[in-house]
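Listing of work.cif; format and content: mmCIF, C-alpha atoms.
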data_start
#
loop_
_atom_site.label_atom_id
_atom_site.label_comp_id
_atom_site.auth_asym_id
_atom_site.auth_seq_id
_atom_site.Cartn_x
_atom_site.Cartn_y
_atom_site.Cartn_z
CA MET P 1 0.09 -23.70 37.47
CA LYS P 2 2.73 -24.75 40.01
CA GLU P 3 3.96 -21.17 40.26
CA TYR P 4 0.44 -19.93 40.97
CA PHE P 5 -0.06 -22.49 43.74
CA LYS P 6 3.29 -21.60 45.29
CA THR P 7 2.27 -17.94 45.27
CA LEU P 8 -0.95 -18.81 47.13
CA GLU P 9 1.02 -20.82 49.68
CA THR P 10 3.28 -17.84 50.34
CA ILE P 11 0.51 -15.24 50.53
CA PHE P 12 -1.90 -17.22 52.74
CA ASN P 13 0.66 -19.31 54.64
CA VAL P 14 -0.94 -22.60 53.61
CA LYS P 15 0.24 -25.92 52.18
CA ILE P 16 -1.41 -27.16 48.96
CA ASP P 17 -1.14 -30.80 47.86
CA ILE P 18 -2.35 -31.76 44.37
CA ASP P 19 -1.44 -34.01 41.47
CA TYR P 20 -0.67 -31.52 38.69
CA ASN P 21 -1.31 -34.18 36.07
CA LEU P 22 -5.04 -33.71 36.75
CA PHE P 23 -5.03 -30.33 35.04
CA SER P 24 -6.20 -30.93 31.50
CA GLU P 25 -9.05 -29.73 29.33
CA ASN P 26 -10.99 -32.92 30.10
CA CYS P 27 -10.77 -32.83 33.91
CA CYS P 28 -13.74 -31.40 35.83
CA MET P 29 -13.48 -29.22 38.92
CA ASP P 30 -15.14 -31.82 41.18
CA ILE P 31 -12.26 -34.23 40.53
CA ILE P 32 -9.71 -31.52 41.24
CA LYS P 33 -11.50 -30.46 44.44
CA ASN P 34 -11.65 -34.02 45.77
CA ALA P 35 -7.98 -34.61 45.00
CA LEU P 36 -6.77 -31.30 46.41
CA THR P 37 -5.73 -30.71 50.03
CA ILE P 38 -5.35 -27.24 51.54
CA LYS P 39 -3.62 -27.38 54.91
CA SER P 40 -4.45 -24.43 57.18
CA ASP P 41 -5.80 -23.82 60.65
CA SER P 42 -8.37 -21.39 59.30
CA GLU P 43 -11.44 -22.68 57.47
CA GLU P 44 -12.03 -19.18 56.14
CA THR P 45 -8.55 -19.17 54.61
CA LYS P 46 -9.16 -22.59 53.06
CA GLU P 47 -12.38 -21.35 51.45
CA LYS P 48 -10.70 -18.21 50.14
CA VAL P 49 -7.79 -20.18 48.68
CA TRP P 50 -10.12 -22.71 47.09
CA SER P 51 -12.17 -19.89 45.55
CA LEU P 52 -9.05 -18.40 43.96
CA ILE P 53 -7.90 -21.84 42.78
CA SER P 54 -11.32 -22.53 41.26
CA VAL P 55 -11.31 -19.30 39.25
CA HIS P 56 -7.74 -19.84 38.11
CA CYS P 57 -8.32 -23.49 37.18
CA ASN P 58 -11.41 -22.67 35.13
CA SER P 59 -9.45 -20.02 33.26
CA TYR P 60 -6.56 -22.45 32.80
CA LYS P 61 -8.93 -25.17 31.57
CA LEU P 62 -10.46 -22.82 28.99
CA GLN P 63 -7.00 -21.89 27.78
CA LEU P 64 -6.09 -25.57 27.40
CA GLU P 65 -9.27 -26.18 25.41
CA LYS P 66 -8.45 -23.32 23.08
CA GLN P 67 -4.89 -24.54 22.63
CA ALA P 68 -6.15 -28.07 21.96
CA LYS P 69 -8.50 -26.70 19.28
CA GLU P 70 -5.67 -24.72 17.65
CA ASN P 71 -3.44 -27.81 17.65
CA PHE P 72 -6.28 -29.87 16.16
CA ILE P 73 -6.92 -27.37 13.34
CA ASN P 74 -3.20 -27.20 12.55
CA ASP P 75 -3.07 -30.99 12.34
CA ILE P 76 -6.05 -30.98 9.97
CA ILE P 77 -4.90 -28.31 7.54
CA TYR P 78 -1.40 -29.75 7.29
CA LEU P 79 -2.56 -33.41 7.47
CA LYS P 80 -0.20 -34.04 10.40
CA PHE P 81 -1.66 -37.28 11.73
CA GLU P 82 -1.50 -41.01 11.11
CA ASN P 83 -4.47 -42.39 13.05
CA ILE P 84 -7.84 -41.30 11.64
CA ASP P 85 -9.73 -42.84 14.58
CA LEU P 86 -7.75 -40.69 17.00
CA MET P 87 -8.63 -37.59 14.94
CA LEU P 88 -12.31 -38.56 15.05
CA ASN P 89 -12.13 -38.84 18.84
CA ARG P 90 -10.39 -35.47 19.10
CA SER P 91 -12.97 -33.85 16.82
CA GLU P 92 -15.80 -35.18 18.99
CA LEU P 93 -14.19 -33.92 22.20
CA LEU P 94 -13.66 -30.46 20.69
CA GLY P 95 -17.14 -30.18 19.18
CA PHE P 96 -15.87 -30.31 15.59
CA ASP P 97 -18.54 -32.03 13.48
CA PHE P 98 -16.36 -34.15 11.27
CA TYR P 99 -19.02 -34.73 8.63
CA ILE P 100 -19.96 -31.14 7.79
CA ASP P 101 -18.64 -29.92 4.42
CA ARG P 102 -16.10 -27.17 5.01
CA HIS P 103 -13.54 -25.12 3.13
CA ALA P 104 -10.65 -22.97 4.34
CA ILE P 105 -10.29 -19.20 4.45
CA ILE P 106 -6.98 -17.59 5.41
CA ILE P 107 -6.91 -14.14 6.97
CA GLU P 108 -3.50 -12.51 7.03
CA ILE P 109 -3.09 -9.38 9.15
CA GLU P 110 -0.15 -7.64 7.52
CA ASP P 111 0.70 -5.26 10.37
CA LEU P 112 -0.36 -7.35 13.36
CA TYR P 113 3.08 -6.64 14.79
CA LYS P 114 1.88 -3.09 15.51
CA ILE P 115 -0.36 -4.52 18.21
CA LEU P 116 1.95 -7.26 19.42
CA LYS P 117 5.39 -5.62 19.15
CA GLY P 118 7.09 -5.65 22.52
CA GLN P 119 4.04 -7.18 24.19
CA ASN P 120 3.77 -10.42 26.12
CA GLU P 121 1.81 -13.56 25.24
CA MET P 122 -1.25 -12.30 27.12
CA ILE P 123 -1.76 -9.47 24.62
CA LEU P 124 -1.85 -11.99 21.76
CA GLN P 125 -4.38 -14.10 23.66
CA GLN P 126 -6.60 -11.08 24.25
CA PHE P 127 -6.39 -10.08 20.58
CA LYS P 128 -7.29 -13.62 19.51
CA GLU P 129 -10.34 -13.69 21.77
CA LYS P 130 -11.64 -10.41 20.36
CA PHE P 131 -10.86 -11.55 16.81
CA TYR P 132 -12.70 -14.88 17.24
CA LYS P 133 -15.71 -13.11 18.72
CA ILE P 134 -15.99 -10.70 15.79
CA VAL P 135 -15.65 -13.45 13.19
CA HIS P 136 -18.38 -15.56 14.81
CA GLU P 137 -20.71 -12.58 15.17
CA VAL P 138 -20.32 -11.50 11.53
CA LEU P 139 -20.38 -14.92 9.86
CA GLU P 140 -23.22 -16.16 12.08
CA ASN P 141 -22.56 -19.88 11.67
CA LYS P 142 -21.96 -21.96 14.78
CA ASN P 143 -20.24 -24.64 12.69
CA ASP P 144 -17.41 -22.30 11.63
CA ILE P 145 -14.11 -22.99 13.41
CA ILE P 146 -11.56 -20.16 13.72
CA SER P 147 -7.97 -20.76 14.71
CA TYR P 148 -4.68 -18.89 14.95
CA ILE P 149 -2.07 -20.71 12.84
CA GLY P 150 1.00 -18.68 13.69
CA ASN P 151 2.78 -15.46 12.76
CA ASN P 152 0.12 -13.11 11.41
CA ARG P 153 -2.39 -15.63 10.10
CA PHE P 154 -5.74 -17.05 11.10
CA VAL P 155 -7.74 -19.76 9.36
CA ILE P 156 -11.50 -20.20 9.26
CA CYS P 157 -12.74 -23.74 8.62
CA LYS P 158 -15.93 -22.43 7.04
CA ALA P 159 -19.09 -24.50 6.80
CA LYS P 160 -20.17 -24.44 3.15
CA GLU P 161 -22.84 -21.89 2.28
CA ASP P 162 -23.74 -19.45 -0.47
CA ASN P 163 -22.45 -15.88 -0.81
CA VAL P 164 -19.30 -16.55 1.20
CA GLU P 165 -17.34 -13.78 -0.50
CA GLU P 166 -20.05 -11.22 0.38
CA LYS P 167 -19.88 -12.26 4.04
CA ILE P 168 -16.09 -12.04 3.99
CA LYS P 169 -16.32 -8.50 2.58
CA LYS P 170 -18.63 -7.59 5.45
CA LEU P 171 -16.21 -9.18 7.93
CA LEU P 172 -13.33 -7.23 6.38
CA ASP P 173 -15.19 -3.93 6.88
CA VAL P 174 -15.87 -4.75 10.54
CA LEU P 175 -12.24 -5.74 11.18
CA LYS P 176 -10.94 -2.57 9.55
CA ASP P 177 -13.28 -0.44 11.66
CA LYS P 178 -12.18 -2.26 14.82
CA TRP P 179 -8.39 -2.09 14.45
CA GLY P 180 -7.54 -0.13 11.30
CA LEU P 181 -5.04 -2.80 10.24
CA GLN P 182 -4.24 -4.07 6.74
CA TYR P 183 -5.63 -7.46 5.72
CA LYS P 184 -5.23 -10.01 2.95
CA ILE P 185 -7.81 -12.80 2.65
CA SER P 186 -7.81 -15.91 0.47
CA ILE P 187 -10.79 -18.22 0.04
CA GLY P 188 -10.01 -21.87 -0.69
CA ASP P 189 -12.16 -23.94 -3.03
CA LYS P 190 -15.14 -26.01 -1.87
CA TYR P 191 -14.86 -29.76 -2.36
CA ASP P 192 -17.79 -32.13 -2.65
CA MET P 193 -16.70 -34.20 0.32
CA PRO P 194 -16.82 -33.85 4.09
CA GLY P 195 -13.98 -34.45 6.51
CA ILE P 196 -10.33 -33.69 6.96
CA GLU P 197 -9.12 -34.09 3.38
CA ALA P 198 -11.50 -31.46 2.01
CA VAL P 199 -10.38 -28.87 4.56
CA SER P 200 -6.72 -29.67 3.92
CA TYR P 201 -7.09 -29.45 0.12
CA SER P 202 -9.00 -26.19 0.48
CA PHE P 203 -6.36 -24.76 2.80
CA LYS P 204 -3.67 -25.59 0.24
CA ASP P 205 -5.74 -23.75 -2.38
CA ALA P 206 -6.06 -20.74 -0.07
CA GLU P 207 -2.29 -20.74 0.57
CA ASN P 208 -1.59 -20.74 -3.18
CA TYR P 209 -4.16 -18.04 -3.86
CA MET P 210 -2.63 -15.87 -1.14
CA LEU P 211 0.86 -16.34 -2.55
CA ILE P 212 -0.19 -15.76 -6.16
CA GLY P 213 -2.49 -12.87 -5.29
CA LYS P 214 0.17 -11.00 -3.33
CA LYS P 215 2.56 -11.49 -6.23
CA TYR P 216 0.38 -10.62 -9.22
CA LEU P 217 -2.61 -8.74 -7.73
CA LYS P 218 -1.01 -6.59 -5.10
CA ASP P 219 -3.85 -4.07 -4.98
CA GLU P 220 -6.53 -6.70 -4.32
CA ILE P 221 -7.45 -7.71 -0.77
CA ILE P 222 -9.61 -10.82 -1.23
CA TYR P 223 -8.24 -13.61 -3.40
CA THR P 224 -10.39 -16.36 -4.92
CA TYR P 225 -9.90 -18.83 -7.76
CA GLU P 226 -11.94 -16.55 -10.03
CA LYS P 227 -9.43 -13.76 -9.46
CA VAL P 228 -6.14 -15.68 -9.51
CA GLY P 229 -7.01 -18.57 -11.83
CA ILE P 230 -5.26 -17.11 -14.87
CA TYR P 231 -2.11 -16.56 -12.81
CA LEU P 232 -1.90 -20.22 -11.76
CA MET P 233 -0.40 -20.89 -15.17
CA PHE P 234 2.37 -18.32 -14.56
CA PHE P 235 2.94 -19.51 -11.02
CA ASN P 236 3.50 -23.11 -12.05
CA LEU P 237 6.00 -22.25 -14.76
CA GLY P 238 9.69 -22.67 -14.01
CA LYS P 239 12.07 -19.70 -14.06
CA PHE P 240 13.44 -20.68 -17.48
CA GLU P 241 9.96 -20.87 -19.03
CA ARG P 242 8.98 -17.50 -17.56
CA GLN P 243 12.13 -15.87 -18.90
CA LYS P 244 11.49 -17.38 -22.31
CA ILE P 245 7.95 -15.96 -22.44
CA THR P 246 8.99 -12.48 -21.29
CA LYS P 247 12.16 -12.27 -23.40
CA PHE P 248 10.38 -10.95 -26.50
CA ILE P 249 9.07 -7.90 -24.61
CA ASP P 250 12.49 -6.86 -23.25
CA GLY P 251 12.75 -4.33 -26.06
CA VAL P 252 9.25 -3.03 -25.28
CA ILE P 253 10.19 -2.51 -21.62
CA GLU P 254 13.31 -0.57 -22.68
CA TYR P 255 11.15 1.44 -25.09
CA GLY P 256 8.86 2.42 -22.22
CA GLU P 257 11.75 3.41 -19.98
CA LYS P 258 13.39 5.43 -22.76
CA ASN P 259 10.16 7.30 -23.50
CA ARG P 260 9.27 7.65 -19.79
CA ILE P 261 5.91 5.91 -20.09
CA ASP P 262 4.49 2.98 -18.16
CA ILE P 263 4.20 0.76 -21.20
CA SER P 264 3.00 -2.22 -19.16
CA GLU P 265 0.15 -0.21 -17.63
CA ILE P 266 -0.88 1.24 -20.99
CA ILE P 267 -0.98 -2.12 -22.77
CA SER P 268 -2.74 -3.90 -19.89
CA ASN P 269 -5.34 -1.13 -19.76
CA TYR P 270 -5.87 -1.35 -23.52
CA PHE P 271 -6.47 -5.11 -23.41
CA GLU P 272 -8.63 -4.98 -20.30
CA ASN P 273 -10.76 -2.27 -21.95
CA LYS P 274 -11.39 -4.75 -24.77
CA PHE P 275 -9.25 -2.86 -27.32
CA ILE P 276 -11.36 0.31 -26.99
CA ALA P 277 -8.84 3.09 -27.60
CA THR P 278 -10.98 5.93 -26.24
CA LYS P 279 -11.21 4.31 -22.82
CA THR P 280 -7.47 3.76 -22.66
CA THR P 281 -6.61 7.29 -23.78
CA SER P 282 -8.95 8.63 -21.09
CA ASP P 283 -7.66 6.29 -18.35
CA MET P 284 -3.98 6.80 -19.19
CA ASN P 285 -4.21 10.48 -20.14
CA ILE P 286 -2.61 10.09 -23.56
CA THR P 287 -3.77 11.11 -27.04
CA ALA P 288 -5.28 8.68 -29.55
CA ALA P 289 -2.39 9.42 -31.90
CA ARG P 290 0.16 8.55 -29.19
CA LEU P 291 -1.61 5.28 -28.36
CA LYS P 292 -1.69 4.33 -32.05
CA GLU P 293 2.02 5.11 -32.31
CA ILE P 294 2.78 2.90 -29.27
CA LEU P 295 0.82 -0.03 -30.72
CA VAL P 296 2.62 0.27 -34.07
CA ASP P 297 6.00 0.42 -32.31
CA ILE P 298 5.17 -2.72 -30.28
CA LYS P 299 4.26 -4.56 -33.47
CA ASP P 300 7.56 -3.52 -35.05
CA MET P 301 9.58 -4.62 -32.00
CA THR P 302 7.86 -7.95 -31.30
CA ASN P 303 6.40 -8.93 -34.67
CA LEU P 304 3.12 -9.35 -32.76
CA ASP P 305 0.08 -7.21 -33.51
CA PRO P 306 -1.60 -5.95 -30.30
CA ASN P 307 -4.87 -5.64 -32.22
CA GLU P 308 -4.94 -9.32 -33.17
CA PHE P 309 -6.46 -11.53 -30.46
CA GLU P 310 -3.87 -14.36 -30.43
CA ASP P 311 -0.94 -11.93 -30.51
CA ALA P 312 -2.60 -9.77 -27.85
CA VAL P 313 -2.92 -12.79 -25.52
CA LYS P 314 0.82 -13.51 -25.88
CA ILE P 315 1.71 -9.89 -25.12
CA TYR P 316 -0.74 -9.71 -22.21
CA VAL P 317 0.58 -12.91 -20.62
CA ALA P 318 4.17 -11.75 -21.04
CA PHE P 319 3.46 -8.45 -19.29
CA LYS P 320 1.58 -10.19 -16.46
CA ILE P 321 4.54 -12.47 -15.83
CA TYR P 322 6.97 -9.56 -16.07
CA ASN P 323 4.94 -7.49 -13.58
CA GLY P 324 4.70 -10.42 -11.19
CA GLU P 325 8.43 -11.03 -11.31
CA SER P 326 9.15 -7.33 -10.74
CA ARG P 327 6.85 -7.12 -7.71
CA TRP P 328 8.27 -10.29 -6.21
CA LYS P 329 11.84 -8.98 -6.20
#

Encoded form (structure tokens):
Amino acid sequence: MKEYFKTLETIFNVKIDIDYNLFSENCCMDIIKNALTIKSDSEETKEKVWSLISVHCNSYKLQLEKQAKENFINDIIYLKFENIDLMLNRSELLGFDFYIDRHAIIIEIEDLYKILKGQNEMILQQFKEKFYKIVHEVLENKNDIISYIGNNRFVICKAKEDNVEEKIKKLLDVLKDKWGLQYKISIGDKYDMPGIEAVSYSFKDAENYMLIGKKYLKDEIIYTYEKVGIYLMFFNLGKFERQKITKFIDGVIEYGEKNRIDISEIISNYFENKFIATKTTSDMNITAARLKEILVDIKDMTNLDPNEFEDAVKIYVAFKIYNGESRWK
């Protein structure tokens, strides 16, 4: 702000006196105008300078409001505050209805750097404005709050409503058409409570779903509890426990490598097709005899029968953990 005023002084040969502490998101232009003095012999010059200052100050004020909202959302999702009354006051000033039930949705733009690489801060601001506008237009809920939370991530503090995943799929299509970038989206759980804690808990869910989804479900784009729930068990296991579970399929992995087949893909497909051999042979382009041979060999190597439900679950879990570990490396 000071630099802008100094530039005006140089260009128009005027002297501007103002208390720069007045410039905040809560200060109105009338206060600034009454406190500001433009020294010049020309009334026309004074009017012109004031007009430029007014436009610049309004733009600056809007930017401060947006930054204040981003700071507020970051404080909420990470529970970075001590005084709840102060947070209530901030929420009122920013138009954030504290008592609406909300949950968190994280949108990660994997190649955002393509737009921002080598660009200045203004390019990021312009991208954010366009992004916010699209999200509001597609989701059509005035109570949704969207904020940039750093790096390549945005968070939506979404007012609770039905069919959220369908709306997010629609949003994803619009975003892809607009920029052609790659996205990952995680939808945090809904909690039966309003306020800060619910949003924070939901955001933590969304963070975990994003982490787990990118590790175990790399081909998926939208992650929800329904999709990643089974993997929470793997995720919460320590390294020793994971190694212990996967140890008994080490021989099966070597068998697959030796025979140049993707044994993990074949077995996972077989289980996910509910043990229907014809579907697996068609999907994996192998003969029924070869599939039968593979299943017999696995039973011999692990002492677990892939056609028995309890044994199949153990094998399936072991392969899921193994695949997750391999992708994470």

Correct to one decimal, the distance CA of Glu166 (chain P)-CA of Asn208 (chain P) is 21.1 Å

Subject >> Residues selected by the PyMOL selection byres ((chain P and resi 35) around 9), written as a ChimeraX atom specification >> reply: /P:17-19,22,30-34,36-37

Nearest to Glu254 (chain P), restricted to all atoms listed in the file and choosing among P:Leu8, P:Met301, P:Leu94, P:Lys46, comes out as P:Met301

The PyMOL selection byres ((chain P and resi 133-142) around 9) on the file shown: which residues, as a PDB file with C-alpha atoms, in the coordinates of the input?
ATOM      1  CA  LYS P 128      -7.290 -13.620  19.510  1.00  0.00           C
ATOM      2  CA  GLU P 129     -10.340 -13.690  21.770  1.00  0.00           C
ATOM      3  CA  LYS P 130     -11.640 -10.410  20.360  1.00  0.00           C
ATOM      4  CA  PHE P 131     -10.860 -11.550  16.810  1.00  0.00           C
ATOM      5  CA  TYR P 132     -12.700 -14.880  17.240  1.00  0.00           C
ATOM      6  CA  ASN P 143     -20.240 -24.640  12.690  1.00  0.00           C
ATOM      7  CA  ASP P 144     -17.410 -22.300  11.630  1.00  0.00           C
ATOM      8  CA  ILE P 145     -14.110 -22.990  13.410  1.00  0.00           C
ATOM      9  CA  ILE P 146     -11.560 -20.160  13.720  1.00  0.00           C
ATOM     10  CA  ILE P 156     -11.500 -20.200   9.260  1.00  0.00           C
ATOM     11  CA  LYS P 158     -15.930 -22.430   7.040  1.00  0.00           C
ATOM     12  CA  ALA P 159     -19.090 -24.500   6.800  1.00  0.00           C
ATOM     13  CA  VAL P 164     -19.300 -16.550   1.200  1.00  0.00           C
ATOM     14  CA  LYS P 167     -19.880 -12.260   4.040  1.00  0.00           C
ATOM     15  CA  ILE P 168     -16.090 -12.040   3.990  1.00  0.00           C
ATOM     16  CA  LYS P 170     -18.630  -7.590   5.450  1.00  0.00           C
ATOM     17  CA  LEU P 171     -16.210  -9.180   7.930  1.00  0.00           C
ATOM     18  CA  VAL P 174     -15.870  -4.750  10.540  1.00  0.00           C
ATOM     19  CA  LEU P 175     -12.240  -5.740  11.180  1.00  0.00           C
TER      20      LEU P 175
END

_the PyMOL selection byres ((chain P and resi 149) around 12) resolved against shown file, as a list in words_ = Gln67, Lys69, Glu70, Asn71, Phe72, Ile73, Asn74, Asp75, Ile76, Ile77, Tyr78, Ile105, Ile106, Ile107, Glu108, Ile109, Lys128, Ile146, Ser147, Tyr148, Gly150, Asn151, Asn152, Arg153, Phe154, Val155, Ile156, Cys157 and Phe203 of chain P

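Using only C-alpha atoms, the shortest contact distance between Gln243 (chain P) and any of P:Ile321, P:Ala104, P:Met87, P:Ile11 is found at P:Ile321.
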
Taken to one decimal, the CA of Ile249 (chain P)-CA of Asp297 (chain P) distance is 11.7 Å

task: Can you work out the spacing between CA of Ile221 (chain P) and CA of Asn236 (chain P) in Å, to one decimal?
output: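 It comes out at 22.0 Å.
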
- prompt: Leaving out region 283-291 of chain P and any residue of its chain fewer than 5 positions from it, which residues lie within 9 Å of it when counting only C-alpha atoms, given as a list in words?
  reply: Glu265, Ile266, Asn269, Ala277, Thr278 and Val296 of chain P

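Remark: for Phe98 (chain P), the closest of the candidate residues P:Asp305, P:Glu43, P:Asp300, P:Glu197 is P:Glu197 (distances computed over all atoms listed in the file).
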
**Prompt:** With all atoms listed in the file as the basis for distance, which of P:Lys184, P:Leu237, P:Lys314, P:Ile263 is at the shortest distance from Leu217 (chain P)?
**Reply:**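 Nearest to Leu217 (chain P): P:Lys184.
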
Closest of P:Tyr316, P:Trp179, P:Tyr225, P:Tyr4 to Glu272 (chain P), counting all atoms listed in the file, is P:Tyr316

Of P:Ile267, P:Leu211, P:His56, P:Leu304, the one sitting nearest Lys292 (chain P) when using all atoms listed in the file is P:Ile267
